[in-house]
file final-v7.cif (mmCIF, N, CA and C atoms)
data_final
loop_
_atom_site.label_atom_id
_atom_site.label_comp_id
_atom_site.auth_asym_id
_atom_site.auth_seq_id
_atom_site.Cartn_x
_atom_site.Cartn_y
_atom_site.Cartn_z
N MET A 1 -14.38 -2.59 -5.57
CA MET A 1 -13.41 -1.74 -4.92
C MET A 1 -12.18 -2.57 -4.61
N TYR A 2 -11.04 -1.89 -4.56
CA TYR A 2 -9.84 -2.56 -4.13
C TYR A 2 -9.08 -1.65 -3.18
N ALA A 3 -8.32 -2.24 -2.28
CA ALA A 3 -7.51 -1.49 -1.32
C ALA A 3 -6.10 -2.03 -1.40
N LEU A 4 -5.15 -1.12 -1.41
CA LEU A 4 -3.75 -1.51 -1.51
C LEU A 4 -2.99 -1.16 -0.26
N ASP A 5 -2.37 -2.14 0.33
CA ASP A 5 -1.40 -2.03 1.40
C ASP A 5 -1.92 -1.57 2.74
N LEU A 6 -1.33 -0.56 3.31
CA LEU A 6 -1.51 -0.25 4.71
C LEU A 6 -2.88 0.29 5.05
N PRO A 7 -3.31 0.08 6.29
CA PRO A 7 -4.58 0.64 6.72
C PRO A 7 -4.54 2.16 6.66
N GLY A 8 -5.70 2.77 6.53
CA GLY A 8 -5.78 4.21 6.52
C GLY A 8 -5.59 4.79 7.90
N PRO A 9 -5.45 6.11 7.98
CA PRO A 9 -5.28 6.76 9.28
C PRO A 9 -6.41 6.41 10.22
N GLY A 10 -6.04 6.06 11.45
CA GLY A 10 -7.03 5.74 12.47
C GLY A 10 -7.39 4.27 12.54
N ASP A 11 -7.02 3.50 11.55
CA ASP A 11 -7.42 2.10 11.53
C ASP A 11 -6.59 1.21 12.44
N SER A 12 -5.36 1.60 12.71
CA SER A 12 -4.45 0.68 13.39
C SER A 12 -4.09 1.12 14.80
N GLU A 13 -4.94 1.90 15.43
CA GLU A 13 -4.67 2.37 16.77
C GLU A 13 -4.45 1.19 17.72
N GLY A 14 -3.33 1.19 18.41
CA GLY A 14 -3.01 0.13 19.35
C GLY A 14 -2.42 -1.11 18.72
N ALA A 15 -2.32 -1.16 17.40
CA ALA A 15 -1.76 -2.33 16.72
C ALA A 15 -0.24 -2.28 16.79
N PRO A 16 0.41 -3.44 16.79
CA PRO A 16 1.87 -3.45 16.81
C PRO A 16 2.41 -2.89 15.50
N PRO A 17 3.63 -2.34 15.53
CA PRO A 17 4.19 -1.82 14.29
C PRO A 17 4.47 -2.94 13.30
N VAL A 18 4.33 -2.63 12.02
CA VAL A 18 4.61 -3.60 10.96
C VAL A 18 6.03 -3.36 10.47
N ARG A 19 6.79 -4.40 10.37
CA ARG A 19 8.16 -4.28 9.89
C ARG A 19 8.32 -5.09 8.62
N TYR A 20 9.06 -4.54 7.68
CA TYR A 20 9.33 -5.21 6.42
C TYR A 20 10.78 -5.67 6.40
N ALA A 21 11.15 -6.52 7.34
CA ALA A 21 12.54 -6.93 7.49
C ALA A 21 13.04 -7.74 6.30
N HIS A 22 12.16 -8.31 5.49
CA HIS A 22 12.56 -9.15 4.38
C HIS A 22 13.03 -8.34 3.18
N LEU A 23 12.88 -7.02 3.24
CA LEU A 23 13.29 -6.19 2.12
C LEU A 23 14.48 -5.33 2.50
N ASP A 24 15.30 -5.02 1.52
CA ASP A 24 16.49 -4.21 1.73
C ASP A 24 16.37 -2.98 0.85
N TYR A 25 16.11 -1.82 1.44
CA TYR A 25 15.96 -0.59 0.67
C TYR A 25 17.19 0.27 0.85
N PRO A 26 18.11 0.23 -0.09
CA PRO A 26 19.31 1.06 0.04
C PRO A 26 19.02 2.50 -0.40
N THR A 27 19.89 3.40 0.00
CA THR A 27 19.80 4.75 -0.51
C THR A 27 20.49 4.79 -1.86
N PRO A 28 20.22 5.81 -2.68
CA PRO A 28 20.82 5.85 -4.02
C PRO A 28 22.34 5.73 -3.96
N GLY A 29 22.89 4.98 -4.88
CA GLY A 29 24.33 4.84 -4.99
C GLY A 29 24.91 3.54 -4.47
N PRO A 30 24.59 3.11 -3.21
CA PRO A 30 25.24 1.90 -2.68
C PRO A 30 24.84 0.64 -3.44
N ALA A 31 25.61 -0.41 -3.23
CA ALA A 31 25.29 -1.69 -3.84
C ALA A 31 23.97 -2.19 -3.27
N LEU A 32 23.18 -2.84 -4.11
CA LEU A 32 21.88 -3.34 -3.69
C LEU A 32 22.02 -4.66 -2.96
N GLY A 33 21.16 -4.87 -1.96
CA GLY A 33 21.13 -6.14 -1.26
C GLY A 33 20.44 -7.20 -2.11
N ALA A 34 20.55 -8.45 -1.69
CA ALA A 34 20.01 -9.57 -2.45
C ALA A 34 18.50 -9.50 -2.62
N ASN A 35 17.80 -8.90 -1.65
CA ASN A 35 16.34 -8.87 -1.70
C ASN A 35 15.78 -7.53 -2.17
N ALA A 36 16.62 -6.64 -2.66
CA ALA A 36 16.15 -5.32 -3.08
C ALA A 36 15.15 -5.46 -4.23
N PRO A 37 13.99 -4.80 -4.12
CA PRO A 37 12.98 -4.92 -5.16
C PRO A 37 13.24 -4.02 -6.37
N PHE A 38 14.20 -3.09 -6.26
CA PHE A 38 14.44 -2.14 -7.34
C PHE A 38 15.90 -2.18 -7.78
N THR A 39 16.13 -1.80 -9.02
CA THR A 39 17.49 -1.69 -9.53
C THR A 39 18.09 -0.37 -9.06
N ALA A 40 19.40 -0.24 -9.16
CA ALA A 40 20.06 1.01 -8.80
C ALA A 40 19.54 2.16 -9.64
N GLN A 41 19.28 1.90 -10.92
CA GLN A 41 18.77 2.94 -11.80
C GLN A 41 17.37 3.40 -11.38
N GLN A 42 16.53 2.45 -10.95
CA GLN A 42 15.19 2.81 -10.50
C GLN A 42 15.25 3.66 -9.22
N ILE A 43 16.13 3.29 -8.33
CA ILE A 43 16.28 4.06 -7.08
C ILE A 43 16.77 5.46 -7.38
N ASP A 44 17.76 5.58 -8.27
CA ASP A 44 18.27 6.90 -8.64
C ASP A 44 17.17 7.76 -9.27
N GLU A 45 16.34 7.15 -10.12
CA GLU A 45 15.25 7.90 -10.76
C GLU A 45 14.19 8.32 -9.73
N TYR A 46 13.88 7.45 -8.80
CA TYR A 46 12.93 7.78 -7.73
C TYR A 46 13.46 8.97 -6.94
N ALA A 47 14.72 8.91 -6.55
CA ALA A 47 15.33 10.00 -5.78
C ALA A 47 15.34 11.30 -6.59
N ARG A 48 15.66 11.20 -7.88
CA ARG A 48 15.72 12.39 -8.74
C ARG A 48 14.35 13.06 -8.83
N THR A 49 13.31 12.27 -9.09
CA THR A 49 11.98 12.85 -9.28
C THR A 49 11.36 13.33 -7.97
N HIS A 50 11.73 12.73 -6.87
CA HIS A 50 11.13 13.11 -5.59
C HIS A 50 11.85 14.26 -4.90
N GLN A 51 12.91 14.78 -5.50
CA GLN A 51 13.57 15.93 -4.90
C GLN A 51 13.02 17.26 -5.43
N ARG A 52 12.12 17.21 -6.40
CA ARG A 52 11.51 18.43 -6.94
C ARG A 52 10.57 19.03 -5.89
N PRO A 53 10.58 20.35 -5.74
CA PRO A 53 9.76 20.99 -4.70
C PRO A 53 8.28 20.65 -4.78
N GLN A 54 7.69 20.60 -5.99
CA GLN A 54 6.26 20.31 -6.07
C GLN A 54 5.95 18.88 -5.65
N VAL A 55 6.85 17.96 -5.87
CA VAL A 55 6.64 16.58 -5.45
C VAL A 55 6.78 16.48 -3.93
N LEU A 56 7.79 17.14 -3.38
CA LEU A 56 7.95 17.15 -1.93
C LEU A 56 6.73 17.77 -1.25
N THR A 57 6.23 18.87 -1.81
CA THR A 57 5.05 19.52 -1.24
C THR A 57 3.86 18.57 -1.22
N GLY A 58 3.65 17.84 -2.31
CA GLY A 58 2.55 16.88 -2.36
C GLY A 58 2.68 15.81 -1.28
N GLY A 59 3.88 15.30 -1.10
CA GLY A 59 4.11 14.30 -0.07
C GLY A 59 3.89 14.85 1.33
N PHE A 60 4.37 16.07 1.57
CA PHE A 60 4.19 16.69 2.89
C PHE A 60 2.71 16.95 3.17
N GLU A 61 1.97 17.36 2.14
CA GLU A 61 0.54 17.64 2.32
C GLU A 61 -0.22 16.36 2.69
N LEU A 62 0.19 15.24 2.11
CA LEU A 62 -0.45 13.97 2.45
C LEU A 62 -0.37 13.73 3.96
N TYR A 63 0.81 13.93 4.54
CA TYR A 63 1.00 13.69 5.96
C TYR A 63 0.42 14.82 6.82
N ARG A 64 0.40 16.04 6.30
CA ARG A 64 -0.16 17.15 7.05
C ARG A 64 -1.63 16.93 7.34
N THR A 65 -2.33 16.24 6.48
CA THR A 65 -3.78 16.05 6.64
C THR A 65 -4.14 14.76 7.36
N LEU A 66 -3.17 14.03 7.87
CA LEU A 66 -3.48 12.73 8.50
C LEU A 66 -4.46 12.84 9.66
N ASP A 67 -4.35 13.88 10.48
CA ASP A 67 -5.29 14.00 11.60
C ASP A 67 -6.73 14.14 11.10
N GLN A 68 -6.93 14.96 10.06
CA GLN A 68 -8.27 15.11 9.50
C GLN A 68 -8.72 13.82 8.83
N ASP A 69 -7.80 13.15 8.12
CA ASP A 69 -8.13 11.87 7.49
C ASP A 69 -8.58 10.85 8.53
N GLU A 70 -7.90 10.83 9.68
CA GLU A 70 -8.28 9.90 10.74
C GLU A 70 -9.69 10.20 11.24
N ARG A 71 -9.99 11.47 11.46
CA ARG A 71 -11.34 11.84 11.92
C ARG A 71 -12.39 11.45 10.87
N ASP A 72 -12.08 11.71 9.61
CA ASP A 72 -13.02 11.36 8.53
C ASP A 72 -13.24 9.85 8.45
N ASN A 73 -12.16 9.08 8.58
CA ASN A 73 -12.28 7.63 8.52
C ASN A 73 -13.11 7.08 9.68
N ARG A 74 -12.90 7.61 10.87
CA ARG A 74 -13.66 7.13 12.03
C ARG A 74 -15.15 7.48 11.91
N ALA A 75 -15.46 8.59 11.25
CA ALA A 75 -16.85 9.02 11.11
C ALA A 75 -17.56 8.38 9.92
N ALA A 76 -16.80 7.77 9.03
CA ALA A 76 -17.37 7.22 7.80
C ALA A 76 -18.19 5.96 8.07
N LYS A 77 -19.21 5.79 7.26
CA LYS A 77 -20.01 4.58 7.30
C LYS A 77 -19.20 3.45 6.65
N PRO A 78 -19.22 2.24 7.20
CA PRO A 78 -18.45 1.14 6.61
C PRO A 78 -18.84 0.87 5.15
N ILE A 79 -17.86 0.52 4.36
CA ILE A 79 -18.08 0.17 2.95
C ILE A 79 -18.42 -1.31 2.89
N SER A 80 -19.52 -1.65 2.24
CA SER A 80 -19.93 -3.04 2.21
C SER A 80 -19.84 -3.67 0.82
N ILE A 81 -19.37 -2.93 -0.18
CA ILE A 81 -19.26 -3.49 -1.52
C ILE A 81 -18.12 -4.51 -1.56
N PRO A 82 -18.16 -5.46 -2.49
CA PRO A 82 -17.07 -6.44 -2.60
C PRO A 82 -15.73 -5.73 -2.78
N THR A 83 -14.76 -6.13 -1.98
CA THR A 83 -13.47 -5.45 -1.96
C THR A 83 -12.34 -6.46 -2.03
N LEU A 84 -11.36 -6.17 -2.86
CA LEU A 84 -10.11 -6.91 -2.94
C LEU A 84 -9.10 -6.15 -2.11
N LEU A 85 -8.48 -6.83 -1.15
CA LEU A 85 -7.45 -6.22 -0.31
C LEU A 85 -6.11 -6.82 -0.68
N LEU A 86 -5.20 -5.99 -1.18
CA LEU A 86 -3.85 -6.43 -1.50
C LEU A 86 -2.92 -5.83 -0.46
N THR A 87 -2.05 -6.68 0.12
CA THR A 87 -1.19 -6.22 1.21
C THR A 87 0.27 -6.59 0.95
N ALA A 88 1.14 -5.98 1.73
CA ALA A 88 2.55 -6.33 1.69
C ALA A 88 2.74 -7.78 2.12
N GLU A 89 3.80 -8.37 1.64
CA GLU A 89 4.11 -9.75 2.00
C GLU A 89 4.19 -9.89 3.52
N GLY A 90 3.48 -10.85 4.05
CA GLY A 90 3.51 -11.12 5.49
C GLY A 90 2.54 -10.30 6.32
N THR A 91 1.67 -9.49 5.69
CA THR A 91 0.79 -8.62 6.48
C THR A 91 -0.71 -8.77 6.23
N PRO A 92 -1.19 -9.79 5.49
CA PRO A 92 -2.62 -9.79 5.19
C PRO A 92 -3.52 -9.89 6.43
N ASP A 93 -3.16 -10.69 7.40
CA ASP A 93 -4.02 -10.82 8.59
C ASP A 93 -4.07 -9.51 9.37
N PHE A 94 -2.90 -8.90 9.57
CA PHE A 94 -2.84 -7.63 10.30
C PHE A 94 -3.64 -6.56 9.57
N THR A 95 -3.39 -6.41 8.29
CA THR A 95 -4.06 -5.35 7.53
C THR A 95 -5.56 -5.57 7.48
N ARG A 96 -5.95 -6.81 7.23
CA ARG A 96 -7.40 -7.11 7.18
C ARG A 96 -8.06 -6.78 8.51
N SER A 97 -7.44 -7.15 9.62
CA SER A 97 -8.06 -6.90 10.93
C SER A 97 -8.18 -5.42 11.22
N THR A 98 -7.29 -4.60 10.68
CA THR A 98 -7.37 -3.17 10.97
C THR A 98 -8.33 -2.42 10.05
N VAL A 99 -8.54 -2.91 8.83
CA VAL A 99 -9.44 -2.21 7.91
C VAL A 99 -10.86 -2.78 7.92
N GLN A 100 -11.03 -3.98 8.42
CA GLN A 100 -12.33 -4.63 8.35
C GLN A 100 -13.46 -3.81 8.99
N PRO A 101 -13.22 -3.08 10.06
CA PRO A 101 -14.33 -2.27 10.58
C PRO A 101 -14.85 -1.24 9.57
N LEU A 102 -14.01 -0.81 8.64
CA LEU A 102 -14.43 0.17 7.63
C LEU A 102 -14.72 -0.46 6.28
N MET A 103 -14.33 -1.70 6.09
CA MET A 103 -14.54 -2.41 4.82
C MET A 103 -15.12 -3.78 5.13
N SER A 104 -16.40 -3.85 5.32
CA SER A 104 -17.02 -5.11 5.71
C SER A 104 -17.22 -6.07 4.54
N GLY A 105 -16.93 -5.62 3.32
CA GLY A 105 -17.16 -6.46 2.15
C GLY A 105 -15.90 -7.07 1.56
N ILE A 106 -14.87 -7.26 2.37
CA ILE A 106 -13.63 -7.85 1.84
C ILE A 106 -13.93 -9.28 1.40
N THR A 107 -13.84 -9.53 0.11
CA THR A 107 -14.11 -10.86 -0.42
C THR A 107 -12.83 -11.63 -0.72
N ARG A 108 -11.72 -10.90 -0.82
CA ARG A 108 -10.44 -11.55 -1.09
C ARG A 108 -9.35 -10.68 -0.50
N ALA A 109 -8.45 -11.29 0.28
CA ALA A 109 -7.28 -10.62 0.83
C ALA A 109 -6.05 -11.40 0.39
N VAL A 110 -5.14 -10.73 -0.27
CA VAL A 110 -3.97 -11.39 -0.86
C VAL A 110 -2.71 -10.62 -0.51
N GLN A 111 -1.69 -11.35 -0.09
CA GLN A 111 -0.40 -10.70 0.09
C GLN A 111 0.36 -10.72 -1.24
N VAL A 112 1.00 -9.63 -1.56
CA VAL A 112 1.74 -9.51 -2.81
C VAL A 112 3.15 -10.03 -2.57
N PRO A 113 3.53 -11.11 -3.25
CA PRO A 113 4.87 -11.68 -3.04
C PRO A 113 5.96 -10.66 -3.37
N ARG A 114 7.01 -10.70 -2.60
CA ARG A 114 8.18 -9.86 -2.82
C ARG A 114 7.85 -8.38 -2.83
N ALA A 115 6.89 -7.98 -2.01
CA ALA A 115 6.51 -6.57 -1.96
C ALA A 115 6.34 -6.10 -0.52
N GLY A 116 6.80 -4.89 -0.28
CA GLY A 116 6.58 -4.21 0.98
C GLY A 116 5.52 -3.15 0.77
N HIS A 117 5.82 -1.92 1.12
CA HIS A 117 4.85 -0.84 1.02
C HIS A 117 4.51 -0.44 -0.41
N GLY A 118 5.43 -0.60 -1.32
CA GLY A 118 5.21 -0.18 -2.71
C GLY A 118 4.72 -1.31 -3.57
N LEU A 119 3.53 -1.80 -3.33
CA LEU A 119 3.01 -3.00 -4.00
C LEU A 119 3.10 -2.91 -5.52
N ILE A 120 2.60 -1.84 -6.09
CA ILE A 120 2.56 -1.72 -7.55
C ILE A 120 3.96 -1.62 -8.12
N ALA A 121 4.82 -0.85 -7.50
CA ALA A 121 6.18 -0.69 -8.00
C ALA A 121 7.01 -1.96 -7.82
N GLU A 122 6.77 -2.69 -6.74
CA GLU A 122 7.60 -3.84 -6.42
C GLU A 122 7.19 -5.12 -7.12
N ASN A 123 5.92 -5.26 -7.43
CA ASN A 123 5.48 -6.46 -8.13
C ASN A 123 4.28 -6.11 -9.03
N PRO A 124 4.53 -5.30 -10.06
CA PRO A 124 3.43 -4.82 -10.89
C PRO A 124 2.67 -5.92 -11.61
N GLU A 125 3.34 -6.97 -12.03
CA GLU A 125 2.66 -8.05 -12.75
C GLU A 125 1.63 -8.74 -11.86
N PHE A 126 2.01 -9.05 -10.63
CA PHE A 126 1.10 -9.72 -9.70
C PHE A 126 -0.10 -8.83 -9.39
N VAL A 127 0.18 -7.57 -9.06
CA VAL A 127 -0.90 -6.64 -8.71
C VAL A 127 -1.86 -6.48 -9.89
N THR A 128 -1.31 -6.31 -11.08
CA THR A 128 -2.15 -6.14 -12.26
C THR A 128 -3.03 -7.36 -12.50
N THR A 129 -2.45 -8.56 -12.39
CA THR A 129 -3.21 -9.79 -12.59
C THR A 129 -4.35 -9.89 -11.58
N GLU A 130 -4.05 -9.63 -10.31
CA GLU A 130 -5.09 -9.70 -9.27
C GLU A 130 -6.20 -8.70 -9.54
N LEU A 131 -5.85 -7.46 -9.88
CA LEU A 131 -6.86 -6.45 -10.15
C LEU A 131 -7.72 -6.79 -11.34
N VAL A 132 -7.09 -7.20 -12.44
CA VAL A 132 -7.85 -7.53 -13.65
C VAL A 132 -8.81 -8.69 -13.38
N GLU A 133 -8.33 -9.73 -12.70
CA GLU A 133 -9.19 -10.87 -12.40
C GLU A 133 -10.35 -10.48 -11.47
N PHE A 134 -10.05 -9.68 -10.46
CA PHE A 134 -11.09 -9.26 -9.52
C PHE A 134 -12.13 -8.39 -10.21
N LEU A 135 -11.68 -7.42 -10.98
CA LEU A 135 -12.60 -6.52 -11.65
C LEU A 135 -13.39 -7.23 -12.76
N ALA A 136 -12.78 -8.22 -13.41
CA ALA A 136 -13.46 -8.96 -14.47
C ALA A 136 -14.62 -9.79 -13.91
N ARG A 137 -14.48 -10.25 -12.67
CA ARG A 137 -15.56 -11.04 -12.06
C ARG A 137 -16.78 -10.19 -11.79
N GLY A 138 -16.61 -8.91 -11.60
CA GLY A 138 -17.73 -7.98 -11.42
C GLY A 138 -18.78 -8.49 -10.46
N ALA A 139 -19.99 -8.58 -10.93
CA ALA A 139 -21.12 -8.98 -10.10
C ALA A 139 -21.10 -10.46 -9.74
N ASP A 140 -20.18 -11.22 -10.31
CA ASP A 140 -20.11 -12.66 -10.03
C ASP A 140 -19.46 -12.97 -8.69
N ARG A 141 -19.01 -11.96 -7.97
CA ARG A 141 -18.30 -12.21 -6.70
C ARG A 141 -19.23 -12.78 -5.70
#
call {"tool": "encode", "arguments": {"input": "final-v7.cif", "output": "structure tokens"}}
result
Amino acid sequence: MYALDLPGPGDSEGAPPVRYAHLDYPTPGPALGANAPFTAQQIDEYARTHQRPQVLTGGFELYRTLDQDERDNRAAKPISIPTLLLTAEGTPDFTRSTVQPLMSGITRAVQVPRAGHGLIAENPEFVTTELVEFLARGADR
């Protein structure tokens, strides 16, 4: 199993907020900052595709169900299978401490360099390498 980025609903109750101050996320159009993980064209495409009603509905539904997701997560039995935890840069200790009650089999926790919340989009090569290596080890973990 692998887990990407932020803890699930209910996992971080009472935890301090996580800030991604090292990243600069501009809105479409403006000049990009030095640390921006995306090109202007990528940002414009993201904005274009996410303005469609069916995409907005999907995003809203994700957040609409957070209360139920939190209840389900709190009621779930902890997962004990070997798990790779990939987190935003600067957050592995925080994320691990919040998910560990539900994922007792974390065998590797890695922060993804130059990535905030969008791990796969921001550093796809690193994420892919970590996943392939972890999954290739299989039962050898």
call {"tool": "closest_residue", "arguments": {"input": "final-v7.cif", "among": "A:Glu89, A:Leu84, A:His117, A:Val112", "to": "Val132 in chain A", "atoms": "only C-alpha atoms"}}
result
A:Leu84
call {"tool": "atom_distance", "arguments": {"input": "final-v7.cif", "atom1": "CA of Glu70 in chain A", "atom2": "CA of Thr87 in chain A"}}
result
20.0 Å
call {"tool": "resolve_selection", "arguments": {"input": "final-v7.cif", "expression": "the PyMOL selection byres ((chain A and resi 81) around 6)", "output": "ChimeraX atom specification"}}
result
/A:1,79-80,82-83,105-106
call {"tool": "write_last_selection", "arguments": {"input": "final-v7.cif", "atoms": "N, CA and C atoms", "output": "PDB file, in the frame of the given file"}}
result
ATOM      1  N   MET A   1     -14.380  -2.590  -5.570  1.00  0.00           N
ATOM      2  CA  MET A   1     -13.410  -1.740  -4.920  1.00  0.00           C
ATOM      3  C   MET A   1     -12.180  -2.570  -4.610  1.00  0.00           C
ATOM      4  N   ILE A  79     -17.860   0.520   4.360  1.00  0.00           N
ATOM      5  CA  ILE A  79     -18.080   0.170   2.950  1.00  0.00           C
ATOM      6  C   ILE A  79     -18.420  -1.310   2.890  1.00  0.00           C
ATOM      7  N   SER A  80     -19.520  -1.650   2.240  1.00  0.00           N
ATOM      8  CA  SER A  80     -19.930  -3.040   2.210  1.00  0.00           C
ATOM      9  C   SER A  80     -19.840  -3.670   0.820  1.00  0.00           C
ATOM     10  N   PRO A  82     -18.160  -5.460  -2.490  1.00  0.00           N
ATOM     11  CA  PRO A  82     -17.070  -6.440  -2.600  1.00  0.00           C
ATOM     12  C   PRO A  82     -15.730  -5.730  -2.780  1.00  0.00           C
ATOM     13  N   THR A  83     -14.760  -6.130  -1.980  1.00  0.00           N
ATOM     14  CA  THR A  83     -13.470  -5.450  -1.960  1.00  0.00           C
ATOM     15  C   THR A  83     -12.340  -6.460  -2.030  1.00  0.00           C
ATOM     16  N   GLY A 105     -16.930  -5.620   3.320  1.00  0.00           N
ATOM     17  CA  GLY A 105     -17.160  -6.460   2.150  1.00  0.00           C
ATOM     18  C   GLY A 105     -15.900  -7.070   1.560  1.00  0.00           C
ATOM     19  N   ILE A 106     -14.870  -7.260   2.370  1.00  0.00           N
ATOM     20  CA  ILE A 106     -13.630  -7.850   1.840  1.00  0.00           C
ATOM     21  C   ILE A 106     -13.930  -9.280   1.400  1.00  0.00           C
TER      22      ILE A 106
END
call {"tool": "atom_distance", "arguments": {"input": "final-v7.cif", "atom1": "atom C of Thr65 in chain A", "atom2": "atom C of Val99 in chain A"}}
result
18.8 Å
call {"tool": "atom_distance", "arguments": {"input": "final-v7.cif", "atom1": "CA of Pro92 in chain A", "atom2": "CA of Arg108 in chain A"}}
result
10.2 Å
call {"tool": "resolve_selection", "arguments": {"input": "final-v7.cif", "expression": "the PyMOL selection byres ((chain A and resi 77) around 8)", "output": "list in words"}}
result
Asp72, Asn73, Arg74, Ala75, Ala76, Pro78, Ile79, Ser80, Pro101, Leu102, Met103 and Ser104 of chain A
call {"tool": "residues_around", "arguments": {"input": "final-v7.cif", "residues": "Gly90 in chain A", "least_positions_apart": "3", "cutoff": "8 Å", "atoms": "only N, CA and C atoms", "output": "PDB file with N, CA and C atoms, keeping the file's coordinate frame"}}
result
ATOM      1  N   THR A  87      -2.050  -6.680   0.120  1.00  0.00           N
ATOM      2  CA  THR A  87      -1.190  -6.220   1.210  1.00  0.00           C
ATOM      3  C   THR A  87       0.270  -6.590   0.950  1.00  0.00           C
ATOM      4  N   ASP A  93      -3.160 -10.690   7.400  1.00  0.00           N
ATOM      5  CA  ASP A  93      -4.020 -10.820   8.590  1.00  0.00           C
ATOM      6  C   ASP A  93      -4.070  -9.510   9.370  1.00  0.00           C
ATOM      7  N   PHE A  94      -2.900  -8.900   9.570  1.00  0.00           N
ATOM      8  CA  PHE A  94      -2.840  -7.630  10.300  1.00  0.00           C
ATOM      9  C   PHE A  94      -3.640  -6.560   9.570  1.00  0.00           C
ATOM     10  N   THR A  95      -3.390  -6.410   8.290  1.00  0.00           N
ATOM     11  CA  THR A  95      -4.060  -5.350   7.530  1.00  0.00           C
ATOM     12  C   THR A  95      -5.560  -5.570   7.480  1.00  0.00           C
ATOM     13  N   VAL A 110      -5.140 -10.730  -0.270  1.00  0.00           N
ATOM     14  CA  VAL A 110      -3.970 -11.390  -0.860  1.00  0.00           C
ATOM     15  C   VAL A 110      -2.710 -10.620  -0.510  1.00  0.00           C
ATOM     16  N   GLN A 111      -1.690 -11.350  -0.090  1.00  0.00           N
ATOM     17  CA  GLN A 111      -0.400 -10.700   0.090  1.00  0.00           C
ATOM     18  C   GLN A 111       0.360 -10.720  -1.240  1.00  0.00           C
ATOM     19  N   VAL A 112       1.000  -9.630  -1.560  1.00  0.00           N
ATOM     20  CA  VAL A 112       1.740  -9.510  -2.810  1.00  0.00           C
ATOM     21  C   VAL A 112       3.150 -10.030  -2.570  1.00  0.00           C
ATOM     22  N   PRO A 113       3.530 -11.110  -3.250  1.00  0.00           N
ATOM     23  CA  PRO A 113       4.870 -11.680  -3.040  1.00  0.00           C
ATOM     24  C   PRO A 113       5.960 -10.660  -3.370  1.00  0.00           C
ATOM     25  N   ARG A 114       7.010 -10.700  -2.600  1.00  0.00           N
ATOM     26  CA  ARG A 114       8.180  -9.860  -2.820  1.00  0.00           C
ATOM     27  C   ARG A 114       7.850  -8.380  -2.830  1.00  0.00           C
ATOM     28  N   ALA A 115       6.890  -7.980  -2.010  1.00  0.00           N
ATOM     29  CA  ALA A 115       6.510  -6.570  -1.960  1.00  0.00           C
ATOM     30  C   ALA A 115       6.340  -6.100  -0.520  1.00  0.00           C
ATOM     31  N   GLY A 116       6.800  -4.890  -0.280  1.00  0.00           N
ATOM     32  CA  GLY A 116       6.580  -4.210   0.980  1.00  0.00           C
ATOM     33  C   GLY A 116       5.520  -3.150   0.770  1.00  0.00           C
TER      34      GLY A 116
END
